[in-house]
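*Asks:* Provided herewith: my_file_23.csv, CSV, C-alpha atoms.
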```csv
chain,number,residue,atom,x,y,z
C,1,MET,CA,21.8,39.4,41.4
C,2,ASN,CA,23.4,36.1,42.2
C,3,ASP,CA,19.8,35.0,42.0
C,4,ILE,CA,19.9,35.0,38.2
C,5,LYS,CA,22.9,32.6,38.1
C,6,SER,CA,21.5,30.3,40.8
C,7,GLN,CA,18.0,30.2,39.2
C,8,VAL,CA,19.4,29.5,35.7
C,9,ARG,CA,21.9,27.0,37.2
C,10,LYS,CA,19.1,25.1,38.9
C,11,TYR,CA,17.0,25.1,35.7
C,12,ILE,CA,20.0,23.7,33.7
C,13,LEU,CA,20.7,21.1,36.4
C,14,ASP,CA,17.0,20.0,36.6
C,15,ASN,CA,16.2,20.1,32.9
C,16,PHE,CA,19.4,19.4,31.0
C,17,LEU,CA,21.6,17.4,33.3
C,18,MET,CA,18.7,15.9,35.3
C,19,GLY,CA,20.6,15.1,38.5
C,20,GLY,CA,24.1,15.2,36.8
C,21,ASP,CA,27.2,16.7,38.3
C,22,PRO,CA,26.4,20.2,39.5
C,23,ASP,CA,30.2,21.1,39.4
C,24,LYS,CA,30.0,20.8,35.7
C,25,VAL,CA,28.0,24.1,35.5
C,26,THR,CA,30.5,26.7,36.7
C,27,ASP,CA,29.8,30.4,36.1
C,28,SER,CA,32.0,30.6,33.1
C,29,VAL,CA,31.6,27.2,31.4
C,30,SER,CA,30.4,27.2,27.8
C,31,PHE,CA,27.2,25.2,27.6
C,32,ILE,CA,27.7,24.5,23.9
C,33,GLU,CA,31.4,23.5,24.1
C,34,LYS,CA,30.8,21.2,27.1
C,35,GLY,CA,27.7,19.7,25.4
C,36,ILE,CA,25.4,20.7,28.2
C,37,ILE,CA,22.9,22.3,25.9
C,38,ASP,CA,22.2,21.6,22.2
C,39,SER,CA,20.3,23.7,19.7
C,40,THR,CA,16.9,22.6,21.0
C,41,GLY,CA,18.1,23.2,24.5
C,42,VAL,CA,18.9,26.8,23.6
C,43,LEU,CA,15.3,27.4,22.6
C,44,GLU,CA,14.2,25.9,25.9
C,45,LEU,CA,16.6,28.1,27.8
C,46,VAL,CA,15.3,31.2,26.0
C,47,SER,CA,11.7,30.3,26.9
C,48,PHE,CA,12.8,29.9,30.5
C,49,ILE,CA,14.6,33.2,30.6
C,50,GLN,CA,11.7,35.0,28.9
C,51,GLU,CA,9.1,33.6,31.3
C,52,THR,CA,11.2,33.9,34.5
C,53,TYR,CA,12.4,37.5,33.9
C,54,LYS,CA,9.5,38.8,31.9
C,55,ILE,CA,11.7,39.9,29.1
C,56,ARG,CA,11.7,39.4,25.3
C,57,VAL,CA,14.8,37.8,23.9
C,58,GLU,CA,15.0,39.4,20.4
C,59,ASP,CA,16.2,37.4,17.4
C,60,ALA,CA,19.4,39.4,17.1
C,61,GLU,CA,20.1,38.7,20.8
C,62,MET,CA,20.2,34.9,20.3
C,63,ILE,CA,23.9,34.8,20.2
C,64,PRO,CA,26.5,32.8,22.2
C,65,GLU,CA,27.7,36.1,23.7
C,66,ASN,CA,24.4,36.5,25.6
C,67,LEU,CA,23.4,32.9,26.4
C,68,ASP,CA,26.4,30.5,26.4
C,69,SER,CA,27.3,30.6,30.1
C,70,LEU,CA,25.9,31.6,33.5
C,71,ASP,CA,28.1,34.7,33.5
C,72,LYS,CA,26.9,35.8,30.1
C,73,ILE,CA,23.2,35.2,30.9
C,74,GLU,CA,23.5,37.1,34.1
C,75,LYS,CA,25.1,40.1,32.3
C,76,TYR,CA,22.5,39.9,29.5
C,77,VAL,CA,19.5,39.7,31.8
C,78,ARG,CA,20.8,42.6,33.9
C,79,VAL,CA,21.1,44.8,30.9
C,80,LYS,CA,17.6,43.8,29.7
C,81,LEU,CA,16.1,44.5,33.1
C,82,ALA,CA,17.9,47.9,33.6
Q,83,MET,CA,46.1,20.2,7.5
Q,84,ALA,CA,44.7,20.9,4.1
Q,85,THR,CA,46.3,18.9,1.3
Q,86,THR,CA,43.5,19.4,-1.2
Q,87,LYS,CA,42.5,22.5,-3.1
Q,88,LEU,CA,38.9,23.7,-3.4
Q,89,THR,CA,38.5,23.8,-7.2
Q,90,SER,CA,35.4,23.9,-9.3
Q,91,GLY,CA,35.7,20.2,-10.1
Q,92,VAL,CA,35.8,18.7,-6.7
Q,93,LEU,CA,32.3,17.3,-6.9
Q,94,ASP,CA,32.8,15.9,-10.4
Q,95,ILE,CA,32.0,12.2,-10.7
Q,96,ASP,CA,32.4,9.5,-13.3
Q,97,ALA,CA,28.7,8.8,-13.6
Q,98,PRO,CA,28.9,5.4,-15.3
Q,99,ALA,CA,31.4,4.1,-12.8
Q,100,VAL,CA,29.4,5.4,-9.8
Q,101,THR,CA,26.2,3.9,-11.2
Q,102,ASP,CA,27.9,0.5,-11.8
Q,103,ARG,CA,29.2,0.4,-8.3
Q,104,ILE,CA,25.9,1.4,-6.7
Q,105,CYS,CA,24.0,-1.2,-8.7
Q,106,ARG,CA,26.5,-3.9,-7.9
Q,107,ARG,CA,26.3,-3.1,-4.2
Q,108,LEU,CA,22.5,-2.8,-4.3
Q,109,ALA,CA,22.3,-6.4,-5.6
Q,110,GLU,CA,24.8,-7.7,-3.1
Q,111,ILE,CA,23.1,-6.0,-0.1
Q,112,VAL,CA,19.4,-6.7,-1.0
Q,113,VAL,CA,19.7,-10.1,-2.6
Q,114,LYS,CA,22.7,-11.7,-0.9
Q,115,ASP,CA,22.7,-10.1,2.6
Q,116,GLN,CA,19.0,-9.2,3.1
Q,117,ARG,CA,17.6,-12.0,1.0
Q,118,ARG,CA,14.8,-9.9,-0.5
Q,119,ARG,CA,13.4,-10.2,-4.0
Q,120,GLY,CA,13.3,-6.6,-5.0
Q,121,VAL,CA,12.8,-3.1,-3.6
Q,122,VAL,CA,10.1,-0.6,-2.7
Q,123,VAL,CA,10.7,3.1,-3.5
Q,124,ALA,CA,8.4,5.9,-2.4
Q,125,LEU,CA,8.4,8.4,-5.2
Q,126,SER,CA,8.2,12.0,-4.0
Q,127,GLY,CA,8.7,13.5,-7.4
Q,128,GLY,CA,12.0,14.9,-6.3
Q,129,ILE,CA,15.5,14.2,-7.6
Q,130,ASP,CA,16.7,11.8,-4.9
Q,131,SER,CA,13.8,9.3,-4.9
Q,132,SER,CA,13.8,9.4,-8.7
Q,133,VAL,CA,17.5,8.6,-9.0
Q,134,CYS,CA,17.1,5.8,-6.4
Q,135,ALA,CA,14.3,4.3,-8.4
Q,136,ALA,CA,16.3,4.5,-11.6
Q,137,LEU,CA,19.3,2.9,-10.0
Q,138,SER,CA,17.0,0.2,-8.6
Q,139,VAL,CA,15.7,-0.6,-12.0
Q,140,ARG,CA,19.2,-0.9,-13.3
Q,141,ALA,CA,20.1,-3.2,-10.4
Q,142,PHE,CA,17.1,-5.4,-10.4
Q,143,GLY,CA,15.0,-4.8,-13.5
Q,144,PRO,CA,11.7,-2.9,-13.7
Q,145,GLY,CA,9.8,-6.0,-12.6
Q,146,ARG,CA,11.4,-6.0,-9.2
Q,147,VAL,CA,10.9,-2.4,-8.3
Q,148,PHE,CA,7.6,-1.2,-6.7
Q,149,GLY,CA,6.8,2.5,-6.6
Q,150,LEU,CA,4.6,4.3,-4.2
Q,151,LEU,CA,2.9,7.7,-4.6
Q,152,LEU,CA,1.9,8.9,-1.1
Q,153,PRO,CA,0.3,12.4,-1.3
Q,154,GLU,CA,-1.5,14.1,1.5
Q,155,LYS,CA,-3.3,17.4,2.0
Q,156,ASP,CA,-0.2,19.6,2.0
Q,157,SER,CA,1.9,18.0,-0.6
Q,158,SER,CA,1.7,19.6,-4.0
Q,159,SER,CA,-0.1,18.0,-6.9
Q,160,ALA,CA,3.1,18.6,-9.0
Q,161,SER,CA,5.0,16.2,-6.8
Q,162,GLU,CA,2.5,13.5,-7.4
Q,163,ASP,CA,2.5,14.2,-11.1
Q,164,GLN,CA,6.3,14.0,-11.2
Q,165,GLY,CA,6.4,10.8,-9.2
Q,166,ARG,CA,4.0,9.2,-11.6
Q,167,LEU,CA,6.0,10.5,-14.5
Q,168,VAL,CA,9.1,8.7,-13.1
Q,169,ALA,CA,7.2,5.5,-12.5
Q,170,GLU,CA,5.8,5.5,-16.0
Q,171,HIS,CA,9.2,6.4,-17.5
Q,172,LEU,CA,10.9,3.6,-15.6
Q,173,LYS,CA,8.0,1.2,-16.4
Q,174,ILE,CA,7.6,0.0,-12.9
Q,175,GLU,CA,4.5,-1.1,-11.1
Q,176,HIS,CA,3.2,1.7,-8.9
Q,177,LEU,CA,0.4,2.5,-6.6
Q,178,LYS,CA,-1.0,5.8,-5.2
Q,179,GLN,CA,-2.4,6.0,-1.7
Q,180,ASP,CA,-3.6,9.3,-0.3
Q,181,ILE,CA,-2.4,9.3,3.3
Q,182,ALA,CA,-4.5,12.4,4.3
Q,183,PRO,CA,-7.3,10.3,5.9
Q,184,THR,CA,-4.8,8.3,8.0
Q,185,LEU,CA,-3.1,11.5,9.1
Q,186,GLU,CA,-6.4,13.1,9.9
Q,187,ALA,CA,-7.4,10.0,12.0
Q,188,ILE,CA,-4.0,9.9,13.9
Q,189,GLY,CA,-4.2,13.6,14.8
Q,190,CYS,CA,-1.4,15.0,12.6
Q,191,TYR,CA,-3.3,18.1,11.4
Q,192,ARG,CA,-5.0,18.6,14.7
Q,193,TRP,CA,-1.9,18.6,16.8
Q,194,ARG,CA,-0.1,20.8,14.3
Q,195,ASP,CA,-3.0,23.3,14.2
Q,196,GLU,CA,-3.2,23.5,17.9
Q,197,ALA,CA,0.4,24.5,18.2
Q,198,ILE,CA,0.1,27.1,15.4
Q,199,SER,CA,-3.0,28.5,17.0
Q,200,ALA,CA,-1.1,29.0,20.2
Q,201,VAL,CA,1.2,31.4,18.3
Q,202,PHE,CA,-1.4,32.9,16.0
Q,203,PRO,CA,-4.9,32.8,17.6
Q,204,ASP,CA,-6.6,33.9,14.4
Q,205,TYR,CA,-5.2,30.9,12.5
Q,206,ARG,CA,-7.8,28.8,10.8
Q,207,LYS,CA,-7.8,25.5,9.0
Q,208,ASP,CA,-7.9,27.1,5.6
Q,209,TRP,CA,-4.7,29.1,6.3
Q,210,LYS,CA,-1.3,27.9,5.0
Q,211,SER,CA,1.9,27.6,7.0
Q,212,LYS,CA,5.5,26.7,7.0
Q,213,ILE,CA,8.6,26.8,9.3
Q,214,VAL,CA,11.8,28.6,8.3
Q,215,ILE,CA,15.2,28.4,9.9
Q,216,ALA,CA,17.2,31.4,10.9
Q,217,GLY,CA,20.2,32.4,12.9
Q,218,GLY,CA,22.9,29.8,12.3
Q,219,VAL,CA,24.4,31.2,9.2
Q,220,ASP,CA,24.7,34.6,10.9
Q,221,GLY,CA,26.6,33.2,13.9
Q,222,ARG,CA,23.5,33.2,16.1
Q,223,PHE,CA,21.9,30.1,17.6
Q,224,ASN,CA,19.5,28.4,15.2
Q,225,TYR,CA,15.9,29.1,15.8
Q,226,PHE,CA,12.7,28.7,13.8
Q,227,ARG,CA,10.1,31.1,12.5
Q,228,LEU,CA,6.5,30.2,11.8
Q,229,VAL,CA,5.0,31.7,8.7
Q,230,VAL,CA,1.2,31.6,8.2
Q,231,GLN,CA,-0.8,32.9,5.3
Q,232,ALA,CA,-4.5,33.8,5.4
Q,233,PRO,CA,-6.7,33.0,2.4
Q,234,ASP,CA,-6.5,36.7,1.4
Q,235,GLY,CA,-2.7,36.3,1.1
Q,236,THR,CA,-1.9,38.2,4.3
Q,237,ARG,CA,1.2,36.8,5.9
Q,238,HIS,CA,2.3,36.8,9.5
Q,239,GLU,CA,5.6,35.6,10.9
Q,240,GLN,CA,6.9,35.0,14.4
Q,241,ARG,CA,9.7,33.2,16.1
Q,242,LEU,CA,8.6,29.9,17.6
Q,243,GLU,CA,9.0,29.1,21.2
Q,244,HIS,CA,10.4,25.6,21.8
Q,245,LYS,CA,7.1,24.0,22.9
Q,246,GLN,CA,5.3,25.0,19.7
Q,247,TYR,CA,8.3,24.2,17.6
Q,248,LEU,CA,8.6,20.7,18.9
Q,249,GLN,CA,4.8,20.1,18.6
Q,250,ILE,CA,4.6,21.3,15.0
Q,251,VAL,CA,7.6,19.2,14.0
Q,252,ALA,CA,6.4,16.1,15.9
Q,253,ALA,CA,3.0,16.4,14.3
Q,254,THR,CA,4.4,16.8,10.8
Q,255,ASN,CA,6.7,13.9,11.4
Q,256,PHE,CA,3.6,11.7,11.2
Q,257,LYS,CA,3.7,12.2,7.5
Q,258,GLN,CA,7.1,10.6,7.0
Q,259,ARG,CA,6.3,7.8,9.5
Q,260,ILE,CA,2.9,6.9,8.0
Q,261,ARG,CA,4.6,6.8,4.6
Q,262,LYS,CA,7.2,4.5,5.9
Q,263,THR,CA,4.6,2.2,7.5
Q,264,ILE,CA,3.0,1.9,4.0
Q,265,GLU,CA,6.3,1.3,2.4
Q,266,TYR,CA,7.0,-1.6,4.8
Q,267,PHE,CA,3.5,-3.0,4.3
Q,268,HIS,CA,4.3,-3.5,0.6
Q,269,ALA,CA,7.9,-4.6,1.3
Q,270,ASP,CA,6.5,-7.3,3.6
Q,271,ARG,CA,3.8,-8.2,1.1
Q,272,LEU,CA,6.2,-8.6,-1.8
Q,273,HIS,CA,9.2,-9.8,0.3
Q,274,TYR,CA,11.1,-6.7,-0.9
Q,275,ALA,CA,13.5,-4.3,0.8
Q,276,VAL,CA,12.8,-0.7,1.4
Q,277,VAL,CA,15.0,1.9,-0.3
Q,278,GLY,CA,15.9,5.0,1.7
Q,279,THR,CA,16.6,8.0,-0.5
Q,280,PRO,CA,18.7,10.6,1.4
Q,281,ASN,CA,21.6,12.2,-0.3
Q,282,ARG,CA,24.8,13.0,1.6
Q,283,LEU,CA,23.7,16.5,2.7
Q,284,GLU,CA,20.6,15.1,4.3
Q,285,TYR,CA,22.3,12.1,5.8
Q,286,ASP,CA,25.2,14.0,7.2
Q,287,GLN,CA,23.2,16.9,8.5
Q,288,GLY,CA,20.4,14.8,10.0
Q,289,PHE,CA,17.7,16.1,7.7
Q,290,PHE,CA,15.3,13.2,8.1
Q,291,VAL,CA,12.7,11.8,10.5
Q,292,LYS,CA,13.8,9.0,12.8
Q,293,ASN,CA,11.7,6.0,12.0
Q,294,GLY,CA,10.3,8.0,9.1
Q,295,ASP,CA,12.2,8.7,6.0
Q,296,GLY,CA,15.3,7.9,7.9
Q,297,SER,CA,14.2,4.3,8.2
Q,298,ALA,CA,15.2,1.9,5.3
Q,299,ASP,CA,17.0,-1.3,4.5
Q,300,VAL,CA,19.4,0.3,2.0
Q,301,LYS,CA,20.4,3.9,1.2
Q,302,PRO,CA,22.0,3.9,-2.3
Q,303,ILE,CA,22.9,7.6,-2.6
Q,304,ALA,CA,23.7,8.6,1.0
Q,305,HIS,CA,27.4,9.0,0.1
Q,306,LEU,CA,26.7,11.3,-2.8
Q,307,TYR,CA,26.5,15.1,-2.6
Q,308,LYS,CA,23.3,16.5,-4.0
Q,309,THR,CA,25.1,18.0,-7.0
Q,310,GLN,CA,26.3,14.5,-7.9
Q,311,VAL,CA,22.8,13.1,-7.6
Q,312,TYR,CA,21.7,15.7,-10.3
Q,313,VAL,CA,24.6,14.4,-12.5
Q,314,LEU,CA,23.4,10.8,-12.1
Q,315,ALA,CA,19.8,11.9,-12.9
Q,316,ARG,CA,21.1,13.1,-16.3
Q,317,TYR,CA,23.2,10.1,-16.9
Q,318,LEU,CA,20.3,7.8,-16.0
Q,319,GLY,CA,18.1,9.6,-18.6
Q,320,LEU,CA,15.4,10.7,-16.2
Q,321,PRO,CA,12.8,13.2,-17.6
Q,322,GLU,CA,13.9,16.8,-17.9
Q,323,ALA,CA,11.3,17.9,-15.3
Q,324,ILE,CA,13.1,15.7,-12.7
Q,325,CYS,CA,16.6,16.7,-13.7
Q,326,THR,CA,15.7,20.4,-13.2
Q,327,SER,CA,13.5,20.0,-10.1
Q,328,LYS,CA,14.1,22.3,-7.2
Q,329,PRO,CA,14.5,20.6,-3.7
Q,330,THR,CA,11.4,21.3,-1.5
Q,331,THR,CA,10.3,19.7,1.7
Q,332,ASP,CA,6.7,19.2,0.4
Q,333,THR,CA,5.7,18.8,4.0
Q,334,TYR,CA,4.2,22.2,4.8
Q,335,SER,CA,1.2,23.8,3.1
Q,336,LEU,CA,3.2,26.9,2.0
Q,337,PRO,CA,5.9,26.3,-0.5
Q,338,GLN,CA,9.2,25.7,1.3
Q,339,GLY,CA,12.7,25.2,0.0
Q,340,GLN,CA,15.0,22.8,1.9
Q,341,ASP,CA,17.4,25.7,2.4
Q,342,GLU,CA,14.6,27.7,4.1
Q,343,PHE,CA,13.7,24.9,6.5
Q,344,TYR,CA,17.0,23.3,7.4
Q,345,PHE,CA,20.2,24.1,5.4
Q,346,ALA,CA,22.1,27.3,5.8
Q,347,LEU,CA,22.6,27.7,2.0
Q,348,PRO,CA,21.1,26.5,-1.3
Q,349,TYR,CA,22.2,22.9,-2.0
Q,350,HIS,CA,24.9,23.6,-4.5
Q,351,LYS,CA,26.7,25.9,-2.1
Q,352,MET,CA,25.9,23.6,0.9
Q,353,ASP,CA,27.5,20.8,-1.1
Q,354,VAL,CA,30.7,22.8,-1.6
Q,355,ALA,CA,30.8,23.9,2.1
Q,356,LEU,CA,30.3,20.3,3.3
Q,357,TRP,CA,33.0,19.0,0.9
Q,358,ALA,CA,35.3,21.8,2.0
Q,359,HIS,CA,34.7,21.1,5.7
Q,360,ASN,CA,35.3,17.3,5.1
Q,361,HIS,CA,38.6,18.0,3.4
Q,362,GLY,CA,40.0,20.5,5.9
Q,363,ILE,CA,39.7,23.5,3.6
Q,364,SER,CA,40.1,26.8,5.5
Q,365,ALA,CA,37.2,29.2,6.1
Q,366,ALA,CA,39.1,31.8,4.1
Q,367,GLU,CA,39.3,29.6,1.0
Q,368,LEU,CA,35.7,28.6,1.3
Q,369,ALA,CA,34.7,32.3,1.7
Q,370,GLY,CA,36.4,33.1,-1.6
Q,371,THR,CA,34.6,30.3,-3.4
Q,372,LEU,CA,31.2,31.0,-2.1
Q,373,GLY,CA,31.5,34.8,-2.2
Q,374,VAL,CA,30.9,35.3,1.5
Q,375,SER,CA,33.0,36.8,4.3
Q,376,VAL,CA,35.5,34.7,6.1
Q,377,GLU,CA,33.4,35.2,9.3
Q,378,GLN,CA,30.3,33.8,7.5
Q,379,ALA,CA,32.3,30.9,6.1
Q,380,GLY,CA,33.3,30.1,9.7
Q,381,TYR,CA,29.7,30.3,10.8
Q,382,ILE,CA,28.8,27.8,8.1
Q,383,TYR,CA,31.4,25.3,9.3
Q,384,GLN,CA,30.1,25.8,12.9
Q,385,ASP,CA,26.6,25.2,11.7
Q,386,ILE,CA,27.6,22.0,10.0
Q,387,GLU,CA,29.1,20.7,13.2
Q,388,LYS,CA,26.2,21.9,15.4
Q,389,LYS,CA,23.7,20.0,13.1
Q,390,ARG,CA,25.9,16.9,13.2
Q,391,SER,CA,26.0,17.0,17.0
Q,392,THR,CA,22.3,17.8,17.5
Q,393,THR,CA,21.1,15.1,15.1
Q,394,ARG,CA,23.4,12.3,16.2
Q,395,TYR,CA,20.5,10.9,18.1
Q,396,LEU,CA,18.6,10.4,14.8
Q,397,HIS,CA,21.3,8.1,13.5
Q,398,SER,CA,21.4,6.0,16.6
Q,399,LYS,CA,19.8,2.6,16.7
Q,400,ALA,CA,18.3,1.5,20.0
Q,401,VAL,CA,21.2,1.1,22.4
Q,402,LEU,CA,21.6,-2.1,24.4
Q,403,VAL,CA,22.8,-1.8,28.0
Q,404,ASP,CA,25.0,-4.9,27.4
Q,405,LYS,CA,26.1,-6.5,24.2
Q,406,VAL,CA,24.3,-9.5,22.8
Q,407,GLY,CA,27.3,-11.0,21.0
Q,408,GLU,CA,25.4,-13.7,19.2
Q,409,ILE,CA,23.5,-11.1,17.1
Q,410,SER,CA,25.4,-9.1,14.5
Q,411,PRO,CA,24.1,-6.8,11.8
Q,412,PHE,CA,25.1,-7.1,8.1
Q,413,ALA,CA,28.6,-5.9,7.4
```
Kindly transcribe the structure held in the file into C-alpha cells.
*Replies:*
Amino acid sequence: MNDIKSQVRKYILDNFLMGGDPDKVTDSVSFIEKGIIDSTGVLELVSFIQETYKIRVEDAEMIPENLDSLDKIEKYVRVKLA
Amino acid sequence: MATTKLTSGVLDIDAPAVTDRICRRLAEIVVKDQRRRGVVVALSGGIDSSVCAALSVRAFGPGRVFGLLLPEKDSSSASEDQGRLVAEHLKIEHLKQDIAPTLEAIGCYRWRDEAISAVFPDYRKDWKSKIVIAGGVDGRFNYFRLVVQAPDGTRHEQRLEHKQYLQIVAATNFKQRIRKTIEYFHADRLHYAVVGTPNRLEYDQGFFVKNGDGSADVKPIAHLYKTQVYVLARYLGLPEAICTSKPTTDTYSLPQGQDEFYFALPYHKMDVALWAHNHGISAAELAGTLGVSVEQAGYIYQDIEKKRSTTRYLHSKAVLVDKVGEISPFA
C-alpha cells in the first residue's frame, strides 16, 4: 500500500513542484498549508486519483481530511478500494 | 486583536466626500500622470461600470468620456439596454460593437463547446450553459459544476474535471480580452485612458480576467465595497434600473449570479464578511451578524484567504529577473 503514497508523491513532484525539493513532500505535510497545491491543483489531484485508482471522488468527499496530505490520501483511497 | 466592532454601519460612507476624492484623483492620475485627454469606459449595464462612467463624467465632463457597448451571443439584451440607458443618461458619446463575430472567428464558442461536449455528449449549440461554484463555503475544497439546459428546458448538472473546467474558463475569457482589445483601440484613437471597473470584492478576491477586465489604466472604485458602490450610484443620480440591478456575470448563456459563479455569499453578505476579515473580527461575531454557524463563518474566512492566494498571480505584472532601475511606474 506504500504504492499509493509513492505514486501520489511522484505525481505531486512531477506536476506541482516540477523538480523541486522532494523532501518537502513528507507523508504528513499539508499540501495547502505549505502552498504545494492550490485550488486548481486540488482539482488536478482529484482527476489523477480517479484515473489512477478507478474510483469516483464524490462531492462530499472533497475535503481536506481526505486529500490534504499523502497520509490522508492513502487512507481515503484504501477505504474507497475496500 | 480586534479593536473594532462589527456594527450595521461599518460600510456607511460619506458619498459626497468619497465622490470628490475619486474625481480629484481621477483627474490627477489620468491627466497629470498618464497624460491622457479623457477616458474610455465599457458599459456592461451593471452597477460598477455605470458608477465608474458617472464618476468619470464628474471628473472630466461628458465630452471626455467615451462609452462602449460590447454585447455578444450570450450576454443578455437587458445588459445592452441598461448600458445604453446609462450612456444616454450621462450624455456621453458611445458606440455599440457586437463582438460575437470576433469571438466566433477566434474560436471562443468552439473551444468552450468542445469542453462541454466532453462532459455532456448530447450537448448541442442551441443548449445553454453555466458554471457554478461549490464546496468552499461548506469547508470543502472549491470545485465547479457545469449546468447545461436543453431547448426543452431539461437541465443536467455535473462536477467539472479540471481539464474541462480550465478549457471552458479559458474559452470564455476570450470575451473579456476581446472587449479590452476594443477598449484600447478607442483609447489609442482618442488618446484616452481605459477605466477598469472592479469593486473591492472583485479586486480583492481576484474575480477578473488577467489581461481582460483586469487590465486598465485606472480603477476608480477598486477600494470600495459593492454595498458602497450602490450608495454612490444613488448619490450620482443614476437611473433606478441601475441602482437596483442585480450583479450577474453576463458571460454564460444561462443566467448566472456572481455568487453562483465565484463568491461564497450574496454580495451584501460577502461585503460584511470581507470587511470583518480585514478588521480582525472573530468568526463568532461574524456568525452572529450573518446568521450562520461559527464553523461556517470560519469557512468563509478560509475561503477569502484561499481565493486571495489562488488569484495572486492575476494581480502580478510580468516579473523581471533583475531590476531595471531607470524605469519606474507612476506612484
*Asks:* Residues of chain C were defined as contacting chain Q if any atom lay at most 12 Å from it, counting all atoms listed in the file; please report them as a PyMOL selection string.
*Replies:* chain C and resi 32-51+56-68
*Asks:* So, counting all atoms listed in the file, which residue among C:Ile12, C:Val79, C:Ile4, C:Met18 is closest to C:Thr52?
*Replies:*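 Comparing C:Ile12, C:Val79, C:Ile4, C:Met18 against C:Thr52, the winner is C:Ile4.
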*Asks:* Using only C-alpha atoms, determine which residues lie at most 6 Å from stretch 118-127 of chain Q, disregarding the query and same-chain residues fewer than 5 positions distant; provide the list as an MDAnalysis selection string.
*Replies:* chainID Q and resid 112:113 146:151 161 164:165 273:277
*Asks:* Show me, as a list of chain:residue names, the residues that have an atom within 10 Å of Q:Phe345 when counting all atoms listed in the file, minus same-chain residues fewer than 5 positions from it.
*Replies:*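 My reading of the contact set: Q:Val214, Q:Ile215, Q:Ala216, Q:Gly218, Q:Val219, Q:Leu283, Q:Glu284, Q:Gln287, Q:Phe289, Q:Gly339, Q:Gln340, Q:Met352, Q:Ile382, Q:Asp385, Q:Ile386, Q:Lys389.
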*Asks:* Would you mind reading off the distance between atom CA of C:Tyr76 and atom CA of C:Lys10, one decimal, in Å?
*Replies:*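 Value for the atom CA of C:Tyr76-atom CA of C:Lys10 distance: 17.9 Å.
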*Asks:* What gap, in Å, lies between atom CA of Q:Ala169 and atom CA of Q:Ser327?
*Replies:*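 Between atom CA of Q:Ala169 and atom CA of Q:Ser327 the gap is 16.0 Å.
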*Asks:* Please compute the atom CA of Q:Ala400-atom CA of Q:Gly294 distance, one decimal, in Å.
*Replies:*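 These atoms are spaced 15.0 Å apart.
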*Asks:* Could you give me, as a ChimeraX atom specification, the residues within 10 Å of C:Ser6, counting all atoms listed in the file and dropping anything in the same chain fewer than 6 positions from it?
*Replies:* /C:12,27,70,74
*Asks:* I'd like to know which of Q:Leu396, Q:Val406, Q:Ile324, Q:Ala109 is closest to Q:Asp163, using all atoms listed in the file.
*Replies:* Q:Ile324
*Asks:* Write out as a compact mmCIF listing (two decimals) with C-alpha atoms, in the coordinates of the input each polymer residue whose atoms come within 10 Å of Q:Phe256, counting all atoms listed in the file; drop sequence neighbours fewer than 5 positions from it.
*Replies:*
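Dumped everything to part-v1.txt:
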```txt
# COMPACT_ATOMS: atom_id res chain seq x y z
CA THR Q 184 -4.80 8.30 8.00
CA LEU Q 185 -3.10 11.50 9.10
CA ILE Q 188 -4.00 9.90 13.90
CA GLY Q 189 -4.20 13.60 14.80
CA CYS Q 190 -1.40 15.00 12.60
CA TYR Q 191 -3.30 18.10 11.40
CA VAL Q 251 7.60 19.20 14.00
CA ARG Q 261 4.60 6.80 4.60
CA LYS Q 262 7.20 4.50 5.90
CA VAL Q 291 12.70 11.80 10.50
CA ASN Q 293 11.70 6.00 12.00
CA GLY Q 294 10.30 8.00 9.10
```
*Asks:* Please complete stretch 51-62 of chain C so it has N, CA and C atoms, and hand it over as an mmCIF file, keeping the file's coordinate frame.
*Replies:*
```
data_model
loop_
_atom_site.group_PDB
_atom_site.id
_atom_site.type_symbol
_atom_site.label_atom_id
_atom_site.label_comp_id
_atom_site.auth_asym_id
_atom_site.auth_seq_id
_atom_site.Cartn_x
_atom_site.Cartn_y
_atom_site.Cartn_z
ATOM 1 N N GLU C 51 10.198 33.746 30.366
ATOM 2 C CA GLU C 51 9.100 33.600 31.300
ATOM 3 C C GLU C 51 9.521 34.007 32.729
ATOM 4 N N THR C 52 10.748 33.660 33.116
ATOM 5 C CA THR C 52 11.200 33.900 34.500
ATOM 6 C C THR C 52 11.431 35.416 34.723
ATOM 7 N N TYR C 53 12.033 36.087 33.720
ATOM 8 C CA TYR C 53 12.400 37.500 33.900
ATOM 9 C C TYR C 53 11.504 38.470 33.180
ATOM 10 N N LYS C 54 10.458 37.918 32.562
ATOM 11 C CA LYS C 54 9.500 38.800 31.900
ATOM 12 C C LYS C 54 10.177 39.696 30.871
ATOM 13 N N ILE C 55 11.069 39.128 30.094
ATOM 14 C CA ILE C 55 11.700 39.900 29.100
ATOM 15 C C ILE C 55 11.538 39.218 27.719
ATOM 16 N N ARG C 56 11.779 39.942 26.647
ATOM 17 C CA ARG C 56 11.700 39.400 25.300
ATOM 18 C C ARG C 56 13.120 39.240 24.760
ATOM 19 N N VAL C 57 13.538 38.033 24.492
ATOM 20 C CA VAL C 57 14.800 37.800 23.900
ATOM 21 C C VAL C 57 14.645 38.048 22.356
ATOM 22 N N GLU C 58 15.195 39.127 21.837
ATOM 23 C CA GLU C 58 15.000 39.400 20.400
ATOM 24 C C GLU C 58 15.850 38.472 19.560
ATOM 25 N N ASP C 59 15.452 38.334 18.298
ATOM 26 C CA ASP C 59 16.200 37.400 17.400
ATOM 27 C C ASP C 59 17.663 37.734 17.369
ATOM 28 N N ALA C 60 17.980 39.023 17.250
ATOM 29 C CA ALA C 60 19.400 39.400 17.100
ATOM 30 C C ALA C 60 20.178 39.161 18.396
ATOM 31 N N GLU C 61 19.451 38.931 19.484
ATOM 32 C CA GLU C 61 20.100 38.700 20.800
ATOM 33 C C GLU C 61 20.395 37.213 21.028
ATOM 34 N N MET C 62 19.975 36.372 20.108
ATOM 35 C CA MET C 62 20.200 34.900 20.300
ATOM 36 C C MET C 62 21.558 34.506 19.852
#
```
